[in-house]
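Since the structure comes first, as structure tokens, the remarks are kept for the end.
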Amino acid sequence: MLFGFEWDLSNPLAFAISILPILLIGMWVTIQATVVGFFVALVLGLIFAILKSAPSRFIAWPARLVTEFIRDTPLLVQLFFLYYVLPEYGIVLPAFMTGALALGLQYSAYTSEVYRAGIEAVGRDQHEAARALNLPSARTFTHIVVPQAIPRIVPAMGNYLVSIMKDVPVLSVVTVLEMLNVAKIIGDRTFNYLIPLSMVGGLYLIMTLVASAGVRLLDRYLPKQGLPLK
Amino acid sequence: MTDPIIKFDKVVKRFGDLTVLDELDFEVQKGEKVSIIGPSGSGKSTVLRILMTLEQIDGGIVTVGGEPLWHESGPNGLQPASEAHLRKMRAQLGMVFQQFNLFPHMSVLRNITEAPVRVLGLSKVEARERGEELLELVGLADQADKYPHQLSGGQQQRVGIARALAMRPSILLFDEPTSALDPELVGEVLTVIGRLAEEHDLTMLLVTHEMRFAREISDRVCFFDKGQIREEGTPEALFTDPNEERTREFLKAVLD
Ligand SMILES: Nc1ncnc2c1ncn2[C@@H]1O[C@H](COP(=O)(O)OP(=O)(O)OP(=O)(O)O)[C@@H](O)[C@H]1O
Ligand SMILES: [Mg+2]
């Protein structure tokens, strides 16, 4: 029994059907971790991107160093760091939050590069036109650069969303009951690993296919020349 | 003669080792229509880009409307201009780009109203009305809600002209406004520019390879060569009887 659901070991099909609700609960945790992690990666990545392109090198350099460091160290190291070191300084977060944060932190290093590339892809001609019209630089950024950068960054961000989803099982090492962890517990207790693990594979396939399709749809729907301003 | 509205005084511009403007002296009177012709790389665009504050100068002084453009007076004489000074000076100038440089994600009308609302502080309604008038002027009244990629090159460039006019500049700079266009679309843009030249007291600076057009609309034509004005004069004099051998060669090459 797990989460109040009994499993039925009478035959493989009955077993699969009986553990599906349990796995779906795990899958819901996986989705939540993905969404929170992705959100953190989007916000933190934007902050890093802005810091990295700061005019002062006393801001740009440390930002570059930090993201490089994050990118070159394994997710598991960062996860352990947050999970075991933060409490020593009195910061105790639930395992789920710690895990989602670690995911978001890791991927913010990648998303910051996506932002930077998207922003730089908006041509010099656009900046010069804005300058000739005397538009303030903040306005140029928010209304000329950003709307044109967004369609360029969506596909790459979508890929990272799927990657984050596939990295969520790492959180099992800090006791988060995401889908793979749930399947492993079922296997430990029933001595049947084949069926729960196969089902995890199948459910993952569905999740990633749906996420990729969503991203592709968004990509097709977004006008290539930028978010329209009437 | 009154004080010139634009004055280049021994202006030097370098890109690395390359001296693009070599102590250039150049004046334009208020309301004057001046065409700039010359071989590729002679510094024609650079002159316009310096005026539009897109390119800094390395020496000399540029004045616009009697005030230094790239300098402002400080406690120890002239010092490099602040962004605030540049903003103030820029308000007198408008530019039409070779590649149009429209904002591709904004409707035609929004391209024209964005800066008047944000920079001049016009209300949206005022800006809209004025934008529609300007579209009428360039013959695009029915295209206000389209996006640039839905227009032909000639139409895009006419939007570019309307966008520049919307900021009510007293000086309008054209950098080869028809060079990026298919030949059959050049005429419609030149017609608009010609009409502006005739009906407005705008000061116009036009870099162009359209010699016949330059001859028609200009009060004066300047032949640029190697970062200096090699020869200047009325279109009549310059095109029919140039003094300099270099001018003659150039005109022969482009008119054939
Ligand atoms: N940003 C830059 N960096 C380096 N060199 C530049 C830059 N901009 C212009 N130049 C060089 O300066 C010289 C003058 O350029 P400019 O664009 O003023 O010439 P032009 O007379 O407008 O020529 P064209 O008819 O080809 O447009 C050219 O040799 C050009 O290569
Ligand atoms: Mg040029």
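Chain identifiers are assigned as A, B, and so on, following the order in which chains appear in the structure tokens; residues are numbered from 1 within each chain, and ligands are numbered from 1 in order of appearance.
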
Neighbours of chain A in chain B at 9 Å, counting only C-alpha atoms, as a PyMOL selection string: chain B and resi 52-54+87-88+90-91+93-97+99-111+114-116+118-119+145+147+149+163-164+167

Same residues, C-alpha atoms, saved as a PDB file, in the first residue's frame:
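Saved file part.pdb follows:
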```pdb
ATOM      1  CA  MET B  52      22.124  61.533 -36.257  1.00  0.00           C
ATOM      2  CA  THR B  53      24.472  60.875 -33.292  1.00  0.00           C
ATOM      3  CA  LEU B  54      24.971  57.276 -34.362  1.00  0.00           C
ATOM      4  CA  ARG B  87      18.770  63.780 -26.696  1.00  0.00           C
ATOM      5  CA  LYS B  88      18.011  67.469 -26.943  1.00  0.00           C
ATOM      6  CA  ARG B  90      18.649  64.743 -31.754  1.00  0.00           C
ATOM      7  CA  ALA B  91      15.153  66.198 -31.579  1.00  0.00           C
ATOM      8  CA  LEU B  93      17.015  65.624 -36.779  1.00  0.00           C
ATOM      9  CA  GLY B  94      15.318  62.735 -38.491  1.00  0.00           C
ATOM     10  CA  MET B  95      16.795  59.952 -40.552  1.00  0.00           C
ATOM     11  CA  VAL B  96      15.595  57.710 -43.358  1.00  0.00           C
ATOM     12  CA  PHE B  97      17.696  54.565 -43.604  1.00  0.00           C
ATOM     13  CA  GLN B  99      17.361  49.402 -45.227  1.00  0.00           C
ATOM     14  CA  PHE B 100      14.249  51.239 -43.868  1.00  0.00           C
ATOM     15  CA  ASN B 101      14.923  49.942 -40.307  1.00  0.00           C
ATOM     16  CA  LEU B 102      11.221  49.749 -39.541  1.00  0.00           C
ATOM     17  CA  PHE B 103      10.147  47.945 -36.370  1.00  0.00           C
ATOM     18  CA  PRO B 104       8.919  44.642 -37.829  1.00  0.00           C
ATOM     19  CA  HIS B 105       6.643  43.757 -34.894  1.00  0.00           C
ATOM     20  CA  MET B 106       4.773  47.061 -34.945  1.00  0.00           C
ATOM     21  CA  SER B 107       1.926  47.948 -37.253  1.00  0.00           C
ATOM     22  CA  VAL B 108       2.584  50.683 -39.759  1.00  0.00           C
ATOM     23  CA  LEU B 109       0.685  53.197 -37.651  1.00  0.00           C
ATOM     24  CA  ARG B 110       2.459  52.133 -34.451  1.00  0.00           C
ATOM     25  CA  ASN B 111       5.825  52.536 -36.170  1.00  0.00           C
ATOM     26  CA  GLU B 114       5.494  55.110 -30.938  1.00  0.00           C
ATOM     27  CA  ALA B 115       8.095  57.876 -30.662  1.00  0.00           C
ATOM     28  CA  PRO B 116       5.709  60.853 -30.803  1.00  0.00           C
ATOM     29  CA  ARG B 118       6.858  58.320 -25.842  1.00  0.00           C
ATOM     30  CA  VAL B 119       9.228  61.139 -26.702  1.00  0.00           C
ATOM     31  CA  ASP B 145      -2.937  48.422 -39.802  1.00  0.00           C
ATOM     32  CA  TYR B 147       2.815  45.112 -40.673  1.00  0.00           C
ATOM     33  CA  HIS B 149       6.562  42.526 -43.949  1.00  0.00           C
ATOM     34  CA  ARG B 163       8.054  57.829 -39.212  1.00  0.00           C
ATOM     35  CA  ALA B 164      10.909  60.330 -39.418  1.00  0.00           C
ATOM     36  CA  MET B 167       9.049  63.626 -34.906  1.00  0.00           C
TER      37      MET B 167
END
```

Spatial neighbours of A:Phe69, max dist 10 Å, only C-alpha atoms, sep filter under 5 positions, as a PyMOL selection string: chain A and resi 63-64+74+106+109

Those of stretch 12-105 of chain B in DSSP helix (DSSP H, G or I), formatted as JSON, numbers by chain: {"B": [44, 45, 46, 47, 48, 49, 50, 51, 83, 84, 85, 86, 87, 88, 89, 90]}

Store the residues picked out above in a file with C-alpha atoms, as a PDB file, in the first residue's frame.
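Below is the file selection-v4.pdb, written as the result:
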```pdb
ATOM      1  CA  LYS B  44      28.904  59.956 -47.205  1.00  0.00           C
ATOM      2  CA  SER B  45      26.967  57.792 -44.753  1.00  0.00           C
ATOM      3  CA  THR B  46      29.399  58.686 -42.012  1.00  0.00           C
ATOM      4  CA  VAL B  47      28.483  62.377 -42.338  1.00  0.00           C
ATOM      5  CA  LEU B  48      24.778  61.579 -41.878  1.00  0.00           C
ATOM      6  CA  ARG B  49      25.446  59.096 -39.067  1.00  0.00           C
ATOM      7  CA  ILE B  50      27.496  61.667 -37.164  1.00  0.00           C
ATOM      8  CA  LEU B  51      24.633  64.147 -37.471  1.00  0.00           C
ATOM      9  CA  GLU B  83      23.344  61.784 -23.219  1.00  0.00           C
ATOM     10  CA  ALA B  84      20.895  64.503 -22.129  1.00  0.00           C
ATOM     11  CA  HIS B  85      22.510  66.975 -24.504  1.00  0.00           C
ATOM     12  CA  LEU B  86      22.456  64.443 -27.335  1.00  0.00           C
ATOM     13  CA  ARG B  87      18.770  63.780 -26.696  1.00  0.00           C
ATOM     14  CA  LYS B  88      18.011  67.469 -26.943  1.00  0.00           C
ATOM     15  CA  MET B  89      20.036  67.889 -30.125  1.00  0.00           C
ATOM     16  CA  ARG B  90      18.649  64.743 -31.754  1.00  0.00           C
TER      17      ARG B  90
END
```

Exercise: stretch 244-254 of chain B partners within 10 Å, only C-alpha atoms, chain neighbours under 5 positions left out, as number ranges by chain: B: 37-39, 209-211, 223-225, 230-232, 238-239

Write a file of the selected residues as a compact mmCIF listing (two decimals), in the first residue's frame, keeping all heavy atoms.
```txt
# COMPACT_ATOMS: atom_id res chain seq x y z
N ILE B 37 27.00 63.17 -53.25
CA ILE B 37 27.33 62.06 -54.13
C ILE B 37 28.81 61.72 -53.95
O ILE B 37 29.56 62.49 -53.34
CB ILE B 37 27.03 62.39 -55.61
CG1 ILE B 37 27.88 63.59 -56.07
CG2 ILE B 37 25.55 62.71 -55.81
CD1 ILE B 37 27.78 63.85 -57.57
N GLY B 38 29.20 60.58 -54.45
CA GLY B 38 30.61 60.21 -54.34
C GLY B 38 30.78 58.72 -54.32
O GLY B 38 29.82 57.98 -54.10
N PRO B 39 32.03 58.27 -54.52
CA PRO B 39 32.27 56.83 -54.60
C PRO B 39 32.04 56.14 -53.26
O PRO B 39 32.01 56.78 -52.21
CB PRO B 39 33.74 56.72 -55.02
CG PRO B 39 34.34 58.05 -54.70
CD PRO B 39 33.25 59.06 -54.77
N HIS B 209 22.58 57.83 -55.24
CA HIS B 209 23.22 57.50 -56.51
C HIS B 209 22.29 57.84 -57.67
O HIS B 209 22.61 57.58 -58.82
CB HIS B 209 23.58 56.01 -56.56
CG HIS B 209 24.70 55.67 -55.65
ND1 HIS B 209 25.95 56.23 -55.76
CD2 HIS B 209 24.79 54.83 -54.58
CE1 HIS B 209 26.75 55.74 -54.83
NE2 HIS B 209 26.06 54.90 -54.08
N GLU B 210 21.12 58.41 -57.34
CA GLU B 210 20.15 58.78 -58.37
C GLU B 210 20.49 60.18 -58.86
O GLU B 210 19.98 61.19 -58.37
CB GLU B 210 18.73 58.77 -57.80
CG GLU B 210 18.26 57.43 -57.27
CD GLU B 210 17.91 56.47 -58.39
OE1 GLU B 210 17.58 56.93 -59.52
OE2 GLU B 210 17.97 55.25 -58.15
N MET B 211 21.36 60.25 -59.86
CA MET B 211 21.90 61.55 -60.28
C MET B 211 20.84 62.47 -60.86
O MET B 211 20.82 63.67 -60.58
CB MET B 211 23.01 61.34 -61.32
CG MET B 211 24.20 60.60 -60.74
SD MET B 211 24.89 61.44 -59.30
CE MET B 211 25.61 60.06 -58.45
N PHE B 223 30.27 66.73 -54.04
CA PHE B 223 30.93 65.51 -54.45
C PHE B 223 31.98 65.15 -53.40
O PHE B 223 32.94 65.90 -53.18
CB PHE B 223 31.58 65.71 -55.83
CG PHE B 223 32.44 64.55 -56.24
CD1 PHE B 223 31.89 63.28 -56.43
CD2 PHE B 223 33.81 64.71 -56.42
CE1 PHE B 223 32.69 62.21 -56.80
CE2 PHE B 223 34.60 63.65 -56.78
CZ PHE B 223 34.05 62.40 -56.97
N PHE B 224 31.75 64.03 -52.73
CA PHE B 224 32.67 63.57 -51.69
C PHE B 224 33.69 62.62 -52.28
O PHE B 224 33.37 61.78 -53.11
CB PHE B 224 31.91 62.80 -50.59
CG PHE B 224 31.46 63.65 -49.46
CD1 PHE B 224 30.52 64.63 -49.66
CD2 PHE B 224 31.97 63.48 -48.18
CE1 PHE B 224 30.08 65.43 -48.62
CE2 PHE B 224 31.55 64.27 -47.12
CZ PHE B 224 30.59 65.25 -47.34
N ASP B 225 34.92 62.78 -51.80
CA ASP B 225 35.95 61.85 -52.21
C ASP B 225 36.98 61.75 -51.08
O ASP B 225 37.49 62.75 -50.61
CB ASP B 225 36.61 62.35 -53.50
CG ASP B 225 37.55 61.31 -54.09
OD1 ASP B 225 37.24 60.10 -53.96
OD2 ASP B 225 38.58 61.70 -54.65
N ARG B 230 35.33 67.21 -52.55
CA ARG B 230 36.25 67.51 -53.64
C ARG B 230 35.74 68.68 -54.46
O ARG B 230 36.50 69.51 -54.95
CB ARG B 230 36.42 66.25 -54.49
CG ARG B 230 37.37 66.39 -55.67
CD ARG B 230 38.77 66.78 -55.21
NE ARG B 230 39.48 65.69 -54.59
CZ ARG B 230 40.34 64.88 -55.22
NH1 ARG B 230 40.57 65.05 -56.50
NH2 ARG B 230 40.95 63.92 -54.58
N GLU B 231 34.40 68.72 -54.61
CA GLU B 231 33.82 69.79 -55.42
C GLU B 231 32.36 69.97 -55.03
O GLU B 231 31.68 68.99 -54.72
CB GLU B 231 33.90 69.42 -56.92
CG GLU B 231 33.35 70.51 -57.82
CD GLU B 231 33.69 70.29 -59.30
OE1 GLU B 231 34.32 69.27 -59.60
OE2 GLU B 231 33.32 71.16 -60.10
N GLU B 232 31.89 71.20 -55.02
CA GLU B 232 30.46 71.42 -54.78
C GLU B 232 29.96 72.58 -55.61
O GLU B 232 30.74 73.42 -56.05
CB GLU B 232 30.18 71.66 -53.30
CG GLU B 232 30.87 72.87 -52.71
CD GLU B 232 30.58 73.02 -51.23
OE1 GLU B 232 29.42 72.81 -50.84
OE2 GLU B 232 31.51 73.34 -50.47
N LEU B 238 27.64 71.46 -61.44
CA LEU B 238 28.38 70.24 -61.12
C LEU B 238 28.16 69.13 -62.14
O LEU B 238 29.06 68.39 -62.48
CB LEU B 238 28.02 69.76 -59.72
CG LEU B 238 29.06 68.80 -59.17
CD1 LEU B 238 29.89 69.45 -58.09
CD2 LEU B 238 28.42 67.53 -58.67
N PHE B 239 26.93 69.04 -62.60
CA PHE B 239 26.65 67.93 -63.51
C PHE B 239 27.04 68.23 -64.96
O PHE B 239 27.41 67.34 -65.71
CB PHE B 239 25.17 67.53 -63.45
CG PHE B 239 24.81 66.76 -62.21
CD1 PHE B 239 23.89 67.25 -61.29
CD2 PHE B 239 25.41 65.53 -61.97
CE1 PHE B 239 23.58 66.53 -60.16
CE2 PHE B 239 25.09 64.80 -60.83
CZ PHE B 239 24.17 65.31 -59.92
```

Please give the complete set of residues from stretch 189-231 of chain B that DSSP, run on the backbone, assigns to strand (DSSP E), formatted as a PDB file with N, CA, C and O atoms, in the first residue's frame.
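Generated file (part-v1.pdb):
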```pdb
ATOM      1  N   THR B 203      15.170  71.295 -43.942  1.00  0.00           N
ATOM      2  CA  THR B 203      16.516  71.181 -44.471  1.00  0.00           C
ATOM      3  C   THR B 203      16.734  69.715 -44.815  1.00  0.00           C
ATOM      4  O   THR B 203      16.448  68.846 -43.991  1.00  0.00           O
ATOM      5  N   MET B 204      17.176  69.442 -46.040  1.00  0.00           N
ATOM      6  CA  MET B 204      17.333  68.044 -46.441  1.00  0.00           C
ATOM      7  C   MET B 204      18.744  67.731 -46.890  1.00  0.00           C
ATOM      8  O   MET B 204      19.340  68.480 -47.647  1.00  0.00           O
ATOM      9  N   LEU B 205      19.245  66.607 -46.369  1.00  0.00           N
ATOM     10  CA  LEU B 205      20.552  66.095 -46.771  1.00  0.00           C
ATOM     11  C   LEU B 205      20.326  64.720 -47.357  1.00  0.00           C
ATOM     12  O   LEU B 205      19.825  63.832 -46.669  1.00  0.00           O
ATOM     13  N   LEU B 206      20.697  64.574 -48.630  1.00  0.00           N
ATOM     14  CA  LEU B 206      20.361  63.339 -49.328  1.00  0.00           C
ATOM     15  C   LEU B 206      21.613  62.709 -49.922  1.00  0.00           C
ATOM     16  O   LEU B 206      22.253  63.297 -50.780  1.00  0.00           O
ATOM     17  N   VAL B 207      21.948  61.529 -49.405  1.00  0.00           N
ATOM     18  CA  VAL B 207      23.013  60.752 -50.040  1.00  0.00           C
ATOM     19  C   VAL B 207      22.346  59.875 -51.078  1.00  0.00           C
ATOM     20  O   VAL B 207      21.400  59.161 -50.756  1.00  0.00           O
ATOM     21  N   ARG B 220      22.022  72.342 -54.032  1.00  0.00           N
ATOM     22  CA  ARG B 220      23.481  72.237 -54.126  1.00  0.00           C
ATOM     23  C   ARG B 220      23.847  70.762 -54.095  1.00  0.00           C
ATOM     24  O   ARG B 220      23.171  69.962 -53.452  1.00  0.00           O
ATOM     25  N   VAL B 221      24.876  70.418 -54.823  1.00  0.00           N
ATOM     26  CA  VAL B 221      25.366  69.038 -54.834  1.00  0.00           C
ATOM     27  C   VAL B 221      26.814  69.037 -54.371  1.00  0.00           C
ATOM     28  O   VAL B 221      27.602  69.893 -54.783  1.00  0.00           O
ATOM     29  N   CYS B 222      27.153  68.103 -53.449  1.00  0.00           N
ATOM     30  CA  CYS B 222      28.529  67.995 -52.976  1.00  0.00           C
ATOM     31  C   CYS B 222      29.110  66.672 -53.442  1.00  0.00           C
ATOM     32  O   CYS B 222      28.513  65.617 -53.223  1.00  0.00           O
ATOM     33  N   PHE B 223      30.265  66.732 -54.037  1.00  0.00           N
ATOM     34  CA  PHE B 223      30.932  65.513 -54.453  1.00  0.00           C
ATOM     35  C   PHE B 223      31.982  65.153 -53.401  1.00  0.00           C
ATOM     36  O   PHE B 223      32.939  65.899 -53.180  1.00  0.00           O
ATOM     37  N   PHE B 224      31.747  64.029 -52.730  1.00  0.00           N
ATOM     38  CA  PHE B 224      32.670  63.567 -51.687  1.00  0.00           C
ATOM     39  C   PHE B 224      33.694  62.625 -52.281  1.00  0.00           C
ATOM     40  O   PHE B 224      33.373  61.782 -53.109  1.00  0.00           O
ATOM     41  N   ASP B 225      34.917  62.785 -51.802  1.00  0.00           N
ATOM     42  CA  ASP B 225      35.953  61.847 -52.211  1.00  0.00           C
ATOM     43  C   ASP B 225      36.978  61.752 -51.080  1.00  0.00           C
ATOM     44  O   ASP B 225      37.487  62.754 -50.611  1.00  0.00           O
ATOM     45  N   GLN B 228      36.597  64.066 -47.965  1.00  0.00           N
ATOM     46  CA  GLN B 228      36.572  65.511 -48.116  1.00  0.00           C
ATOM     47  C   GLN B 228      35.616  65.865 -49.242  1.00  0.00           C
ATOM     48  O   GLN B 228      35.298  65.019 -50.067  1.00  0.00           O
ATOM     49  N   ILE B 229      35.188  67.133 -49.234  1.00  0.00           N
ATOM     50  CA  ILE B 229      34.379  67.569 -50.363  1.00  0.00           C
ATOM     51  C   ILE B 229      35.339  67.988 -51.464  1.00  0.00           C
ATOM     52  O   ILE B 229      36.073  68.967 -51.332  1.00  0.00           O
ATOM     53  N   ARG B 230      35.326  67.211 -52.552  1.00  0.00           N
ATOM     54  CA  ARG B 230      36.253  67.511 -53.640  1.00  0.00           C
ATOM     55  C   ARG B 230      35.736  68.685 -54.464  1.00  0.00           C
ATOM     56  O   ARG B 230      36.504  69.508 -54.945  1.00  0.00           O
ATOM     57  N   GLU B 231      34.399  68.722 -54.615  1.00  0.00           N
ATOM     58  CA  GLU B 231      33.820  69.791 -55.425  1.00  0.00           C
ATOM     59  C   GLU B 231      32.362  69.971 -55.031  1.00  0.00           C
ATOM     60  O   GLU B 231      31.680  68.992 -54.719  1.00  0.00           O
TER      61      GLU B 231
END
```

Near stretch 83-92 of chain A, within 9 Å and counting only C-alpha atoms, which residues show up once chain neighbours fewer than 6 positions away are dropped, as a PDB file with N, CA and C atoms, in the first residue's frame?
```pdb
ATOM      1  N   THR A  98      13.764  22.594  -2.137  1.00  0.00           N
ATOM      2  CA  THR A  98      15.208  22.542  -2.348  1.00  0.00           C
ATOM      3  C   THR A  98      15.511  21.962  -3.732  1.00  0.00           C
ATOM      4  N   GLY A  99      14.824  20.878  -4.055  1.00  0.00           N
ATOM      5  CA  GLY A  99      15.063  20.217  -5.335  1.00  0.00           C
ATOM      6  C   GLY A  99      14.699  21.102  -6.515  1.00  0.00           C
ATOM      7  N   VAL A 174      17.081  13.193  -2.554  1.00  0.00           N
ATOM      8  CA  VAL A 174      16.798  13.952  -1.323  1.00  0.00           C
ATOM      9  C   VAL A 174      15.349  13.692  -0.887  1.00  0.00           C
TER      10      VAL A 174
END
```

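Relative to atom CA of A:Asp8, atom CA of A:Val176 is found at 25.0 Å.
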
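Candidate residues B:Gly160, B:Gly60, B:Pro177, B:Gly153 were compared for distance to ligand 2, and the nearest is B:Pro177, using only C-alpha atoms and all ligand atoms.
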
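Picture a line from atom CA of B:Gly131 to atom CA of B:Gly65; it runs 26.4 Å.
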
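Here atom CA of A:Thr190 stands at a distance of 12.4 Å from atom CA of A:Ser18.
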
Non-local contacts of A:Met157 (9 Å; only C-alpha atoms; under 2 positions in same chain excluded) as a ChimeraX atom specification: /A:42,111,114,153-155,159-162,215

8 Å contact set for B:Leu185, only C-alpha atoms, chain neighbours under 4 positions out, as a ChimeraX atom specification: /B:153-154,181,189

For the selection you just gave me, I'd like the residues written to a file as a CSV table (one decimal), in the first residue's frame, keeping N, CA and C atoms.
```csv
chain,number,residue,atom,x,y,z
B,153,GLY,N,8.9,47.0,-50.7
B,153,GLY,CA,10.0,47.8,-50.2
B,153,GLY,C,9.7,49.3,-50.4
B,154,GLY,N,9.1,49.6,-51.5
B,154,GLY,CA,8.8,51.1,-51.7
B,154,GLY,C,7.9,51.6,-50.7
B,181,LEU,N,16.0,49.2,-53.1
B,181,LEU,CA,14.7,48.9,-53.8
B,181,LEU,C,14.8,48.3,-55.2
B,189,VAL,N,9.1,56.3,-54.2
B,189,VAL,CA,9.8,56.9,-53.1
B,189,VAL,C,10.4,58.3,-53.5
```

Distance query B:Ala197 at most 9 Å, only C-alpha atoms, self and fewer than 5 positions along chain excluded, as JSON, numbers by chain: {"B": [33, 192, 202, 203, 204, 217, 218]}

Please save all heavy atoms of the selected residues as a PDB file, in the first residue's frame.
```pdb
ATOM      1  N   LYS B  33      18.380  72.178 -49.687  1.00  0.00           N
ATOM      2  CA  LYS B  33      18.349  70.759 -50.056  1.00  0.00           C
ATOM      3  C   LYS B  33      19.700  70.425 -50.676  1.00  0.00           C
ATOM      4  O   LYS B  33      20.031  70.954 -51.745  1.00  0.00           O
ATOM      5  CB  LYS B  33      17.253  70.456 -51.076  1.00  0.00           C
ATOM      6  CG  LYS B  33      15.976  71.283 -50.935  1.00  0.00           C
ATOM      7  CD  LYS B  33      15.193  70.976 -49.694  1.00  0.00           C
ATOM      8  CE  LYS B  33      13.972  71.885 -49.609  1.00  0.00           C
ATOM      9  NZ  LYS B  33      13.417  71.973 -48.249  1.00  0.00           N
ATOM     10  N   VAL B 192       7.764  60.975 -53.405  1.00  0.00           N
ATOM     11  CA  VAL B 192       7.463  61.474 -52.066  1.00  0.00           C
ATOM     12  C   VAL B 192       8.552  62.434 -51.588  1.00  0.00           C
ATOM     13  O   VAL B 192       8.268  63.516 -51.071  1.00  0.00           O
ATOM     14  CB  VAL B 192       7.306  60.295 -51.077  1.00  0.00           C
ATOM     15  CG1 VAL B 192       7.280  60.803 -49.644  1.00  0.00           C
ATOM     16  CG2 VAL B 192       6.034  59.512 -51.383  1.00  0.00           C
ATOM     17  N   LEU B 202      11.800  72.145 -44.751  1.00  0.00           N
ATOM     18  CA  LEU B 202      12.771  71.225 -44.168  1.00  0.00           C
ATOM     19  C   LEU B 202      14.153  71.413 -44.773  1.00  0.00           C
ATOM     20  O   LEU B 202      14.275  71.628 -45.976  1.00  0.00           O
ATOM     21  CB  LEU B 202      12.366  69.789 -44.497  1.00  0.00           C
ATOM     22  CG  LEU B 202      11.413  69.023 -43.600  1.00  0.00           C
ATOM     23  CD1 LEU B 202      11.029  67.718 -44.290  1.00  0.00           C
ATOM     24  CD2 LEU B 202      12.099  68.756 -42.270  1.00  0.00           C
ATOM     25  N   THR B 203      15.170  71.295 -43.942  1.00  0.00           N
ATOM     26  CA  THR B 203      16.516  71.181 -44.471  1.00  0.00           C
ATOM     27  C   THR B 203      16.734  69.715 -44.815  1.00  0.00           C
ATOM     28  O   THR B 203      16.448  68.846 -43.991  1.00  0.00           O
ATOM     29  CB  THR B 203      17.546  71.617 -43.405  1.00  0.00           C
ATOM     30  OG1 THR B 203      17.212  72.932 -42.971  1.00  0.00           O
ATOM     31  CG2 THR B 203      18.951  71.580 -43.952  1.00  0.00           C
ATOM     32  N   MET B 204      17.176  69.442 -46.040  1.00  0.00           N
ATOM     33  CA  MET B 204      17.333  68.044 -46.441  1.00  0.00           C
ATOM     34  C   MET B 204      18.744  67.731 -46.890  1.00  0.00           C
ATOM     35  O   MET B 204      19.340  68.480 -47.647  1.00  0.00           O
ATOM     36  CB  MET B 204      16.323  67.706 -47.553  1.00  0.00           C
ATOM     37  CG  MET B 204      14.906  67.567 -47.023  1.00  0.00           C
ATOM     38  SD  MET B 204      13.602  67.309 -48.262  1.00  0.00           S
ATOM     39  CE  MET B 204      14.340  66.187 -49.397  1.00  0.00           C
ATOM     40  N   ILE B 217      16.116  68.035 -57.559  1.00  0.00           N
ATOM     41  CA  ILE B 217      15.606  68.586 -56.308  1.00  0.00           C
ATOM     42  C   ILE B 217      16.620  69.416 -55.518  1.00  0.00           C
ATOM     43  O   ILE B 217      16.235  70.135 -54.613  1.00  0.00           O
ATOM     44  CB  ILE B 217      15.072  67.483 -55.360  1.00  0.00           C
ATOM     45  CG1 ILE B 217      16.204  66.628 -54.822  1.00  0.00           C
ATOM     46  CG2 ILE B 217      13.992  66.657 -56.014  1.00  0.00           C
ATOM     47  CD1 ILE B 217      15.943  66.181 -53.406  1.00  0.00           C
ATOM     48  N   SER B 218      17.903  69.317 -55.825  1.00  0.00           N
ATOM     49  CA  SER B 218      18.892  69.941 -54.937  1.00  0.00           C
ATOM     50  C   SER B 218      19.110  71.407 -55.242  1.00  0.00           C
ATOM     51  O   SER B 218      19.035  71.843 -56.393  1.00  0.00           O
ATOM     52  CB  SER B 218      20.245  69.245 -55.056  1.00  0.00           C
ATOM     53  OG  SER B 218      20.089  67.875 -55.171  1.00  0.00           O
TER      54      SER B 218
END
```
